[in-house]
Amino acid sequence: MLLEVEFDEPGRFNRFVQRVNRAPIVWTIGLMIPVYAISFSIAFVAILIDPHMYSPVGQLALMVVSALLVMLYHWFFSRYQTSSNLAQVIQFSSGLLPVIGGFIVFGISYLSAFN
């Protein structure tokens, strides 16, 4: 089911959504690379802070920020990129992979603290 989004009023957000729908692949790749780089960097720093997980509150907060960045990126494209149903499905499903992978790494790091 293709979501119809009406954007008649002027505004920066509305113009941005219209640009995304005019060239969805360019915007998808152009924003995905920096969002993923920043998000993975934050997750990497979270693990480097305390690899033995003696105080996981700060690490958990950084992992949540990292996951939130990726999911917001994919939510935006799956919601407002209305040019293609397949693109919406790909954006949302591929957004779950790094989040799940990040929490698997987080769990492995937590389990290694007990050894």
# chains A, B, ... in the order shown; residues from 1 in each chain; ligands from 1
>>> select_by_dssp(residues="chain A", states="alpha helix (DSSP H)", output="number ranges by chain")
A: 12-22, 24-49, 56-80, 85-112
>>> write_last_selection(atoms="C-alpha atoms", output="mmCIF file, in the first residue's frame")
data_model
loop_
_atom_site.group_PDB
_atom_site.id
_atom_site.type_symbol
_atom_site.label_atom_id
_atom_site.label_comp_id
_atom_site.auth_asym_id
_atom_site.auth_seq_id
_atom_site.Cartn_x
_atom_site.Cartn_y
_atom_site.Cartn_z
ATOM 1 C CA ARG A 12 11.879 23.519 4.260
ATOM 2 C CA PHE A 13 10.760 20.058 5.319
ATOM 3 C CA ASN A 14 8.191 19.837 2.545
ATOM 4 C CA ARG A 15 10.698 20.952 -0.083
ATOM 5 C CA PHE A 16 13.185 18.393 1.232
ATOM 6 C CA VAL A 17 10.601 15.601 0.975
ATOM 7 C CA GLN A 18 9.822 16.660 -2.606
ATOM 8 C CA ARG A 19 13.541 16.571 -3.490
ATOM 9 C CA VAL A 20 13.886 13.113 -1.954
ATOM 10 C CA ASN A 21 11.019 11.849 -4.083
ATOM 11 C CA ARG A 22 12.509 13.342 -7.250
ATOM 12 C CA PRO A 24 15.300 8.787 -4.175
ATOM 13 C CA ILE A 25 18.431 6.735 -4.905
ATOM 14 C CA VAL A 26 20.740 9.759 -4.756
ATOM 15 C CA TRP A 27 19.284 10.879 -1.436
ATOM 16 C CA THR A 28 19.174 7.370 -0.011
ATOM 17 C CA ILE A 29 22.836 6.693 -0.680
ATOM 18 C CA GLY A 30 23.938 10.275 -0.056
ATOM 19 C CA LEU A 31 22.460 10.319 3.432
ATOM 20 C CA MET A 32 22.936 6.667 4.309
ATOM 21 C CA ILE A 33 26.731 6.799 4.184
ATOM 22 C CA PRO A 34 27.201 9.663 6.687
ATOM 23 C CA VAL A 35 24.381 8.469 8.967
ATOM 24 C CA TYR A 36 25.833 4.969 9.131
ATOM 25 C CA ALA A 37 29.396 6.277 9.595
ATOM 26 C CA ILE A 38 28.343 8.500 12.492
ATOM 27 C CA SER A 39 26.166 5.815 14.020
ATOM 28 C CA PHE A 40 28.826 3.102 13.824
ATOM 29 C CA SER A 41 31.412 5.522 15.239
ATOM 30 C CA ILE A 42 29.176 6.238 18.221
ATOM 31 C CA ALA A 43 28.618 2.503 18.770
ATOM 32 C CA PHE A 44 32.364 1.835 18.498
ATOM 33 C CA VAL A 45 33.111 4.554 21.063
ATOM 34 C CA ALA A 46 30.476 3.041 23.346
ATOM 35 C CA ILE A 47 32.328 -0.268 23.344
ATOM 36 C CA LEU A 48 35.751 1.402 23.741
ATOM 37 C CA ILE A 49 34.665 3.366 26.802
ATOM 38 C CA PRO A 56 27.055 -0.111 31.192
ATOM 39 C CA VAL A 57 24.702 2.864 31.659
ATOM 40 C CA GLY A 58 26.772 5.264 29.547
ATOM 41 C CA GLN A 59 27.414 2.599 26.947
ATOM 42 C CA LEU A 60 23.759 1.736 26.738
ATOM 43 C CA ALA A 61 22.893 5.413 26.269
ATOM 44 C CA LEU A 62 25.403 5.739 23.410
ATOM 45 C CA MET A 63 24.138 2.540 21.796
ATOM 46 C CA VAL A 64 20.579 3.856 22.007
ATOM 47 C CA VAL A 65 21.659 7.120 20.332
ATOM 48 C CA SER A 66 23.439 5.147 17.622
ATOM 49 C CA ALA A 67 20.430 2.917 17.030
ATOM 50 C CA LEU A 68 18.074 5.893 17.071
ATOM 51 C CA LEU A 69 20.049 7.679 14.352
ATOM 52 C CA VAL A 70 19.861 4.671 12.060
ATOM 53 C CA MET A 71 16.189 4.023 12.751
ATOM 54 C CA LEU A 72 15.229 7.686 12.268
ATOM 55 C CA TYR A 73 17.014 7.691 8.933
ATOM 56 C CA HIS A 74 15.204 4.563 7.803
ATOM 57 C CA TRP A 75 11.878 5.688 9.267
ATOM 58 C CA PHE A 76 12.082 8.963 7.323
ATOM 59 C CA PHE A 77 12.797 7.218 4.038
ATOM 60 C CA SER A 78 10.233 4.477 4.569
ATOM 61 C CA ARG A 79 7.593 7.069 5.475
ATOM 62 C CA TYR A 80 8.252 9.970 3.099
ATOM 63 C CA ASN A 85 6.898 0.522 -2.301
ATOM 64 C CA LEU A 86 9.968 -1.654 -2.662
ATOM 65 C CA ALA A 87 12.218 1.214 -1.584
ATOM 66 C CA GLN A 88 10.103 1.667 1.546
ATOM 67 C CA VAL A 89 10.376 -2.012 2.462
ATOM 68 C CA ILE A 90 14.125 -2.093 1.784
ATOM 69 C CA GLN A 91 14.753 1.026 3.859
ATOM 70 C CA PHE A 92 12.913 -0.190 6.925
ATOM 71 C CA SER A 93 14.100 -3.798 6.856
ATOM 72 C CA SER A 94 17.734 -2.869 6.239
ATOM 73 C CA GLY A 95 17.475 -0.396 9.106
ATOM 74 C CA LEU A 96 16.845 -3.214 11.539
ATOM 75 C CA LEU A 97 20.055 -5.075 10.643
ATOM 76 C CA PRO A 98 22.627 -2.655 12.154
ATOM 77 C CA VAL A 99 20.473 -2.081 15.213
ATOM 78 C CA ILE A 100 20.173 -5.796 15.921
ATOM 79 C CA GLY A 101 23.866 -6.280 15.097
ATOM 80 C CA GLY A 102 24.856 -3.478 17.453
ATOM 81 C CA PHE A 103 22.953 -4.974 20.335
ATOM 82 C CA ILE A 104 24.454 -8.409 19.589
ATOM 83 C CA VAL A 105 27.927 -6.831 19.868
ATOM 84 C CA PHE A 106 26.770 -5.102 23.047
ATOM 85 C CA GLY A 107 25.586 -8.438 24.458
ATOM 86 C CA ILE A 108 28.821 -10.227 23.531
ATOM 87 C CA SER A 109 30.809 -7.475 25.218
ATOM 88 C CA TYR A 110 28.628 -7.807 28.301
ATOM 89 C CA LEU A 111 29.100 -11.572 28.403
ATOM 90 C CA SER A 112 32.876 -11.227 28.059
#
>>> decode(residues="segment 63-103 of chain A", atoms="N, CA and C atoms", output="PDB file, in the first residue's frame")
ATOM      1  N   MET A  63      24.680   3.514  22.739  1.00  0.00           N
ATOM      2  CA  MET A  63      24.138   2.540  21.796  1.00  0.00           C
ATOM      3  C   MET A  63      22.710   2.905  21.392  1.00  0.00           C
ATOM      4  N   VAL A  64      21.950   3.428  22.323  1.00  0.00           N
ATOM      5  CA  VAL A  64      20.579   3.856  22.007  1.00  0.00           C
ATOM      6  C   VAL A  64      20.611   5.035  21.039  1.00  0.00           C
ATOM      7  N   VAL A  65      21.522   5.986  21.252  1.00  0.00           N
ATOM      8  CA  VAL A  65      21.659   7.120  20.332  1.00  0.00           C
ATOM      9  C   VAL A  65      22.049   6.625  18.939  1.00  0.00           C
ATOM     10  N   SER A  66      23.000   5.706  18.894  1.00  0.00           N
ATOM     11  CA  SER A  66      23.439   5.147  17.622  1.00  0.00           C
ATOM     12  C   SER A  66      22.284   4.446  16.901  1.00  0.00           C
ATOM     13  N   ALA A  67      21.567   3.628  17.617  1.00  0.00           N
ATOM     14  CA  ALA A  67      20.430   2.917  17.030  1.00  0.00           C
ATOM     15  C   ALA A  67      19.336   3.887  16.611  1.00  0.00           C
ATOM     16  N   LEU A  68      19.111   4.908  17.389  1.00  0.00           N
ATOM     17  CA  LEU A  68      18.074   5.893  17.071  1.00  0.00           C
ATOM     18  C   LEU A  68      18.399   6.648  15.787  1.00  0.00           C
ATOM     19  N   LEU A  69      19.663   7.005  15.590  1.00  0.00           N
ATOM     20  CA  LEU A  69      20.049   7.679  14.352  1.00  0.00           C
ATOM     21  C   LEU A  69      19.738   6.835  13.122  1.00  0.00           C
ATOM     22  N   VAL A  70      20.108   5.566  13.194  1.00  0.00           N
ATOM     23  CA  VAL A  70      19.861   4.671  12.060  1.00  0.00           C
ATOM     24  C   VAL A  70      18.363   4.483  11.845  1.00  0.00           C
ATOM     25  N   MET A  71      17.628   4.257  12.906  1.00  0.00           N
ATOM     26  CA  MET A  71      16.189   4.023  12.751  1.00  0.00           C
ATOM     27  C   MET A  71      15.456   5.280  12.298  1.00  0.00           C
ATOM     28  N   LEU A  72      15.863   6.456  12.749  1.00  0.00           N
ATOM     29  CA  LEU A  72      15.229   7.686  12.268  1.00  0.00           C
ATOM     30  C   LEU A  72      15.487   7.894  10.786  1.00  0.00           C
ATOM     31  N   TYR A  73      16.694   7.597  10.359  1.00  0.00           N
ATOM     32  CA  TYR A  73      17.014   7.691   8.933  1.00  0.00           C
ATOM     33  C   TYR A  73      16.105   6.766   8.133  1.00  0.00           C
ATOM     34  N   HIS A  74      16.010   5.525   8.545  1.00  0.00           N
ATOM     35  CA  HIS A  74      15.204   4.563   7.803  1.00  0.00           C
ATOM     36  C   HIS A  74      13.712   4.846   7.947  1.00  0.00           C
ATOM     37  N   TRP A  75      13.290   5.331   9.104  1.00  0.00           N
ATOM     38  CA  TRP A  75      11.878   5.688   9.267  1.00  0.00           C
ATOM     39  C   TRP A  75      11.516   6.813   8.299  1.00  0.00           C
ATOM     40  N   PHE A  76      12.368   7.848   8.221  1.00  0.00           N
ATOM     41  CA  PHE A  76      12.082   8.963   7.323  1.00  0.00           C
ATOM     42  C   PHE A  76      11.921   8.481   5.885  1.00  0.00           C
ATOM     43  N   PHE A  77      12.860   7.669   5.422  1.00  0.00           N
ATOM     44  CA  PHE A  77      12.797   7.218   4.038  1.00  0.00           C
ATOM     45  C   PHE A  77      11.653   6.234   3.802  1.00  0.00           C
ATOM     46  N   SER A  78      11.352   5.398   4.776  1.00  0.00           N
ATOM     47  CA  SER A  78      10.233   4.477   4.569  1.00  0.00           C
ATOM     48  C   SER A  78       8.897   5.204   4.652  1.00  0.00           C
ATOM     49  N   ARG A  79       8.849   6.325   5.341  1.00  0.00           N
ATOM     50  CA  ARG A  79       7.593   7.069   5.475  1.00  0.00           C
ATOM     51  C   ARG A  79       7.394   8.085   4.359  1.00  0.00           C
ATOM     52  N   TYR A  80       8.428   8.848   4.021  1.00  0.00           N
ATOM     53  CA  TYR A  80       8.252   9.970   3.099  1.00  0.00           C
ATOM     54  C   TYR A  80       8.751   9.707   1.688  1.00  0.00           C
ATOM     55  N   GLN A  81       9.481   8.657   1.473  1.00  0.00           N
ATOM     56  CA  GLN A  81       9.905   8.317   0.114  1.00  0.00           C
ATOM     57  C   GLN A  81       8.773   7.503  -0.502  1.00  0.00           C
ATOM     58  N   THR A  82       7.876   8.175  -1.187  1.00  0.00           N
ATOM     59  CA  THR A  82       6.660   7.532  -1.693  1.00  0.00           C
ATOM     60  C   THR A  82       6.779   7.094  -3.138  1.00  0.00           C
ATOM     61  N   SER A  83       7.945   7.222  -3.748  1.00  0.00           N
ATOM     62  CA  SER A  83       8.100   6.861  -5.153  1.00  0.00           C
ATOM     63  C   SER A  83       8.018   5.360  -5.391  1.00  0.00           C
ATOM     64  N   SER A  84       8.340   4.558  -4.388  1.00  0.00           N
ATOM     65  CA  SER A  84       8.432   3.115  -4.615  1.00  0.00           C
ATOM     66  C   SER A  84       8.110   2.355  -3.332  1.00  0.00           C
ATOM     67  N   ASN A  85       7.202   1.389  -3.449  1.00  0.00           N
ATOM     68  CA  ASN A  85       6.898   0.522  -2.301  1.00  0.00           C
ATOM     69  C   ASN A  85       8.097  -0.330  -1.929  1.00  0.00           C
ATOM     70  N   LEU A  86       8.798  -0.823  -2.917  1.00  0.00           N
ATOM     71  CA  LEU A  86       9.968  -1.654  -2.662  1.00  0.00           C
ATOM     72  C   LEU A  86      11.036  -0.867  -1.911  1.00  0.00           C
ATOM     73  N   ALA A  87      11.232   0.380  -2.281  1.00  0.00           N
ATOM     74  CA  ALA A  87      12.218   1.214  -1.584  1.00  0.00           C
ATOM     75  C   ALA A  87      11.838   1.399  -0.120  1.00  0.00           C
ATOM     76  N   GLN A  88      10.546   1.527   0.153  1.00  0.00           N
ATOM     77  CA  GLN A  88      10.103   1.667   1.546  1.00  0.00           C
ATOM     78  C   GLN A  88      10.397   0.405   2.347  1.00  0.00           C
ATOM     79  N   VAL A  89      10.127  -0.743   1.773  1.00  0.00           N
ATOM     80  CA  VAL A  89      10.376  -2.012   2.462  1.00  0.00           C
ATOM     81  C   VAL A  89      11.874  -2.215   2.683  1.00  0.00           C
ATOM     82  N   ILE A  90      12.671  -1.933   1.671  1.00  0.00           N
ATOM     83  CA  ILE A  90      14.125  -2.093   1.784  1.00  0.00           C
ATOM     84  C   ILE A  90      14.689  -1.164   2.854  1.00  0.00           C
ATOM     85  N   GLN A  91      14.244   0.075   2.874  1.00  0.00           N
ATOM     86  CA  GLN A  91      14.753   1.026   3.859  1.00  0.00           C
ATOM     87  C   GLN A  91      14.468   0.568   5.283  1.00  0.00           C
ATOM     88  N   PHE A  92      13.255   0.175   5.552  1.00  0.00           N
ATOM     89  CA  PHE A  92      12.913  -0.190   6.925  1.00  0.00           C
ATOM     90  C   PHE A  92      13.560  -1.503   7.341  1.00  0.00           C
ATOM     91  N   SER A  93      13.518  -2.506   6.479  1.00  0.00           N
ATOM     92  CA  SER A  93      14.100  -3.798   6.856  1.00  0.00           C
ATOM     93  C   SER A  93      15.617  -3.729   6.975  1.00  0.00           C
ATOM     94  N   SER A  94      16.280  -2.988   6.105  1.00  0.00           N
ATOM     95  CA  SER A  94      17.734  -2.869   6.239  1.00  0.00           C
ATOM     96  C   SER A  94      18.112  -2.009   7.438  1.00  0.00           C
ATOM     97  N   GLY A  95      17.212  -1.183   7.907  1.00  0.00           N
ATOM     98  CA  GLY A  95      17.475  -0.396   9.106  1.00  0.00           C
ATOM     99  C   GLY A  95      17.510  -1.228  10.368  1.00  0.00           C
ATOM    100  N   LEU A  96      16.832  -2.352  10.358  1.00  0.00           N
ATOM    101  CA  LEU A  96      16.845  -3.214  11.539  1.00  0.00           C
ATOM    102  C   LEU A  96      18.154  -3.987  11.686  1.00  0.00           C
ATOM    103  N   LEU A  97      18.835  -4.263  10.595  1.00  0.00           N
ATOM    104  CA  LEU A  97      20.055  -5.075  10.643  1.00  0.00           C
ATOM    105  C   LEU A  97      21.162  -4.464  11.498  1.00  0.00           C
ATOM    106  N   PRO A  98      21.552  -3.184  11.300  1.00  0.00           N
ATOM    107  CA  PRO A  98      22.627  -2.655  12.154  1.00  0.00           C
ATOM    108  C   PRO A  98      22.208  -2.475  13.604  1.00  0.00           C
ATOM    109  N   VAL A  99      20.938  -2.230  13.829  1.00  0.00           N
ATOM    110  CA  VAL A  99      20.473  -2.081  15.213  1.00  0.00           C
ATOM    111  C   VAL A  99      20.584  -3.418  15.942  1.00  0.00           C
ATOM    112  N   ILE A 100      20.090  -4.463  15.319  1.00  0.00           N
ATOM    113  CA  ILE A 100      20.173  -5.796  15.921  1.00  0.00           C
ATOM    114  C   ILE A 100      21.639  -6.211  16.067  1.00  0.00           C
ATOM    115  N   GLY A 101      22.441  -5.956  15.030  1.00  0.00           N
ATOM    116  CA  GLY A 101      23.866  -6.280  15.097  1.00  0.00           C
ATOM    117  C   GLY A 101      24.578  -5.525  16.199  1.00  0.00           C
ATOM    118  N   GLY A 102      24.242  -4.272  16.387  1.00  0.00           N
ATOM    119  CA  GLY A 102      24.856  -3.478  17.453  1.00  0.00           C
ATOM    120  C   GLY A 102      24.545  -4.027  18.830  1.00  0.00           C
ATOM    121  N   PHE A 103      23.308  -4.428  19.031  1.00  0.00           N
ATOM    122  CA  PHE A 103      22.953  -4.974  20.335  1.00  0.00           C
ATOM    123  C   PHE A 103      23.511  -6.384  20.530  1.00  0.00           C
TER     124      PHE A 103
END
